[in-house]
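Remarks on the structure that follows.
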Amino acid sequence: KRIIFATTNEGKMKEIKAILSDLNVEIVSLKEAGIHVNIVEDGETFEENAIIKAKTIMELTGEIVLADDSGLEVDAMDKAPGIYSARFLGEDTSYDIKNQHILDKLKDVEQENRSARFVCVIACAMPNGEILTKRATIEGFIGYEITGSNGFGYDPIFWVPEFHNTLAQLSLEQKNEISHRGKALTEMREELRKKL
Ligand code: ITT
C-alpha cells in the first residue's frame with residue numbers, strides 16, 4: 001500500500017516524509033511515482049488549490065492522494081503573497097531575491113506591525129470520492145535580515161518569537177513540531193490511521 005503526495009516541492013517533501021514516517025505506508029512524491037503533469041492551481045483559497053492537486057492525481061491514478069497548499073501572509077502587505085507565494089515575483093526568481101524584496105517593503109515598518117503567518121492546508125482525495133482537508137498556521141514576525149540556511153522558501157525571514165530564531169535556523173524536527181505543515185499533516189495522519 002502506498003500514498004502519493006502530489007507535490008514537486010522537494011523542501012516540502014522532506015518535511016512530509018519525516019512526519020508520515022510512522023504511518024505504515026510508503027509515501028511517494030510525483031517524481032517518485034513517475035508522474036509528470038502540469039496541474040493548474042486556479043483556486044482562490046488554499047483549500048481549493050490543495051483539493052485541485054489531490055483530486056487531479058487521484059483521478060489519474062485511482063490511488064489515495066495527499067496534497068499541500070501553503071503560503072506566507074504578511075500583514076503589512078495586505079496578507080500577500082498568500083496563495084501566490086510560489087509565483088510571487090515569478091516562479092523562477094530565487095528566494096534570496098523574494099526574501100530581500102519583502103524585507104525592503106517592510107524597511108520602515110515597526111516590530112509590532114511586522115506580524116506574519118504561514119498557512120498550510122493538507123487535502124486527501126480517496127478513490128471513493130471522499131475528500132478531507134486540514135488547515136493549520138504558525139504565527140511569527142518578518143525579521144530584519146535573511147538568517148539561517150535550513151528549510152526552504154521564506155523560512156530565512158520568518159522569525160519565531162518563542163524560539164528567538166528564524167524557521168531556517170531550526171532543525172527539520174524542530175520545525176515540524178511547530179510549523180503550519182507539521183500541525184496540519186499530523187492531524188491528517190491521525191485521520192488516515194483510522195481509515196487505512
Ligand atoms: P507543489 O504545489 O508542487 O506542492 P509549490 O511550491 O508550488 O509546490 P504551493 O503552491 O503550495 O507549492 O506554494 C507554497 C509556497 O509557499 C512555497 O513555494 C514557498 O514559497 C511558501 N512556503 C510554504 N510553506 C513554506 C515553509 O514551510 N517555509 C517556507 N516557505 C514556505
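Order determines the names: the first chain of the C-alpha cells is A, the second B, and so forth; residues in each chain are numbered 1 upward, and ligands are numbered 1 upward as they are shown.
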Taking a cut-off of 6 Å and counting only C-alpha atoms and all ligand atoms, can you build a table that, for each residue of chain A near ligand 1, reports the nearest atom pair and how far apart they are in Å (one decimal), sorted by chain then residue number, as JSON lines?
{"residue": "A:Thr7", "atom": "CA", "partner": "ligand 1", "partner_atom_place_in_ligand_line": "3 (O)", "distance": 3.5}
{"residue": "A:Thr8", "atom": "CA", "partner": "ligand 1", "partner_atom_place_in_ligand_line": "3 (O)", "distance": 3.8}
{"residue": "A:Asn9", "atom": "CA", "partner": "ligand 1", "partner_atom_place_in_ligand_line": "8 (O)", "distance": 4.4}
{"residue": "A:Asp68", "atom": "CA", "partner": "ligand 1", "partner_atom_place_in_ligand_line": "4 (O)", "distance": 5.5}
{"residue": "A:Asp69", "atom": "CA", "partner": "ligand 1", "partner_atom_place_in_ligand_line": "11 (O)", "distance": 3.4}
{"residue": "A:Ser70", "atom": "CA", "partner": "ligand 1", "partner_atom_place_in_ligand_line": "11 (O)", "distance": 4.0}
{"residue": "A:Gly71", "atom": "CA", "partner": "ligand 1", "partner_atom_place_in_ligand_line": "16 (O)", "distance": 3.6}
{"residue": "A:Leu72", "atom": "CA", "partner": "ligand 1", "partner_atom_place_in_ligand_line": "16 (O)", "distance": 6.0}
{"residue": "A:Ser85", "atom": "CA", "partner": "ligand 1", "partner_atom_place_in_ligand_line": "16 (O)", "distance": 4.5}
{"residue": "A:Ala86", "atom": "CA", "partner": "ligand 1", "partner_atom_place_in_ligand_line": "18 (O)", "distance": 3.8}
{"residue": "A:Phe152", "atom": "CA", "partner": "ligand 1", "partner_atom_place_in_ligand_line": "29 (C)", "distance": 5.0}
{"residue": "A:Gly153", "atom": "CA", "partner": "ligand 1", "partner_atom_place_in_ligand_line": "30 (N)", "distance": 3.8}
{"residue": "A:Tyr154", "atom": "CA", "partner": "ligand 1", "partner_atom_place_in_ligand_line": "29 (C)", "distance": 4.1}
{"residue": "A:Asp155", "atom": "CA", "partner": "ligand 1", "partner_atom_place_in_ligand_line": "29 (C)", "distance": 4.3}
Store the residues picked out above in a file with C-alpha atoms, as a CSV table (one decimal), in the first residue's frame.
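As written to disk, part_33.csv reads:
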chain,number,residue,atom,x,y,z
A,7,THR,CA,4.0,17.8,-4.8
A,8,THR,CA,7.1,18.7,-6.8
A,9,ASN,CA,8.5,20.9,-4.0
A,68,ASP,CA,-0.3,20.5,0.4
A,69,ASP,CA,-1.1,24.1,-0.5
A,70,SER,CA,0.6,26.7,1.6
A,71,GLY,CA,1.9,30.2,1.7
A,72,LEU,CA,3.1,33.2,3.7
A,85,SER,CA,3.7,32.6,-2.5
A,86,ALA,CA,5.3,30.2,-5.1
A,152,PHE,CA,13.2,26.4,2.2
A,153,GLY,CA,11.3,29.3,0.7
A,154,TYR,CA,10.6,32.1,3.1
A,155,ASP,CA,11.9,30.4,6.2
For Val65 of chain A, please output as an MDAnalysis selection string all residues within 9 Å (counting only C-alpha atoms; exclusion window: fewer than 6 positions along the same chain).
chainID A and resid 3:6 53:55 57:58 123:127
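Among the candidates A:Gly151, A:Gly43, A:Gly62, A:Gly140, the one nearest to Glu10 of chain A when counting only C-alpha atoms is A:Gly151.
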Ranking A:Leu192, A:Ala168, A:Ile157, A:Ile51 by minimum distance to Gly129 of chain A and counting only C-alpha atoms, which one comes first?
A:Ile51
Identify which of the residues A:Phe163, A:Tyr84, A:Phe46, A:Phe141 lies closest to Ala116 of chain A, counting only C-alpha atoms when measuring atom-to-atom distances.
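Between A:Phe163, A:Tyr84, A:Phe46, A:Phe141, the residue approaching Ala116 of chain A most closely is A:Phe141.
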In segment 19-178 of chain A, what's strand (DSSP E or B) per DSSP? Answer as a VMD selection string?
chain A and resid 26 to 29 65 to 74 80 to 81 115 to 125 131 to 142 158 to 160 165 to 166
Which segment 114-172 of chain A residues have any atom within 12 Å of an atom of segment 73-77 of chain A, and for each, what is the nearest pair of atoms with distance in Å to one decimal, counting only C-alpha atoms, rows sorted by chain and number, as a tab-separated table?
residue	atom	partner	partner_atom	distance
A:Arg114	CA	A:Ala76	CA	6.4
A:Ser115	CA	A:Asp75	CA	5.9
A:Ala116	CA	A:Val74	CA	4.5
A:Arg117	CA	A:Glu73	CA	5.3
A:Phe118	CA	A:Glu73	CA	6.2
A:Val119	CA	A:Glu73	CA	7.6
A:Cys120	CA	A:Glu73	CA	11.0
A:Thr137	CA	A:Glu73	CA	10.1
A:Ile138	CA	A:Glu73	CA	10.4
A:Glu139	CA	A:Glu73	CA	9.7
A:Gly140	CA	A:Val74	CA	9.7
A:Phe141	CA	A:Val74	CA	8.5
A:Ile142	CA	A:Val74	CA	7.7
A:Gly143	CA	A:Val74	CA	11.4
A:Tyr154	CA	A:Glu73	CA	10.7
A:Ile157	CA	A:Val74	CA	11.1
A:Phe158	CA	A:Val74	CA	10.0
Include C-alpha atoms and write out the residues we just selected as an mmCIF file, in the first residue's frame.
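Produced file part.cif, reproduced below:
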data_model
loop_
_atom_site.group_PDB
_atom_site.id
_atom_site.type_symbol
_atom_site.label_atom_id
_atom_site.label_comp_id
_atom_site.auth_asym_id
_atom_site.auth_seq_id
_atom_site.Cartn_x
_atom_site.Cartn_y
_atom_site.Cartn_z
ATOM 1 C CA ARG A 114 5.684 43.013 11.138
ATOM 2 C CA SER A 115 3.368 40.120 12.032
ATOM 3 C CA ALA A 116 3.023 37.280 9.537
ATOM 4 C CA ARG A 117 1.922 33.676 9.382
ATOM 5 C CA PHE A 118 2.407 30.589 7.320
ATOM 6 C CA VAL A 119 -0.778 28.758 6.359
ATOM 7 C CA CYS A 120 -0.943 25.128 5.267
ATOM 8 C CA THR A 137 -0.966 28.103 10.811
ATOM 9 C CA ILE A 138 2.173 29.305 12.578
ATOM 10 C CA GLU A 139 2.292 32.929 13.754
ATOM 11 C CA GLY A 140 5.501 34.954 13.702
ATOM 12 C CA PHE A 141 7.190 38.133 12.504
ATOM 13 C CA ILE A 142 9.143 39.190 9.435
ATOM 14 C CA GLY A 143 12.746 39.645 10.571
ATOM 15 C CA TYR A 154 10.564 32.149 3.082
ATOM 16 C CA ILE A 157 12.888 35.802 7.064
ATOM 17 C CA PHE A 158 10.240 34.194 9.296
#
Calculate how many Å separate atom CA of Arg189 of chain A from atom CA of Ile19 of chain A, rounding to one decimal.
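These two atoms are separated by 8.3 Å.
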Give the answer as one residue: which of A:Thr186, A:Thr93, A:Ser29, A:Asn38 has the shortest atom-to-atom distance to Thr133 of chain A, using only C-alpha atoms?
A:Thr186
For the helix (DSSP H, G or I) assignment from backbone DSSP, which residues of chain A qualify? Please present them as a PyMOL selection string.
chain A and resi 10-19+46-61+75-77+82-84+95-105+111-113+155-157+161-163+167-169+172-178+180-195
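For the set A:Glu130, A:Glu173, A:Glu48, A:Glu63, the residue with the smallest atom-to-atom gap to Ile16 of chain A is A:Glu173, counting only C-alpha atoms.
In this comparison, which uses only C-alpha atoms, the residue of A:Lys17, A:Leu132, A:Val37, A:Glu59 approaching Lys195 of chain A most closely is A:Leu132.
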Leaving out Thr147 of chain A and any residue of its chain fewer than 6 positions from it, which residues lie within 12 Å of it when counting only C-alpha atoms, given as a list in words?
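Once the adjacent positions are removed, what remains is Asp96, Asn99, Gln100, Leu103, Tyr154, Asp155, Pro156, Ile157, Phe158, Trp159, Val160, His164, Asn165, Thr166, Leu167, Ala168, Gln169 and Leu170 of chain A.
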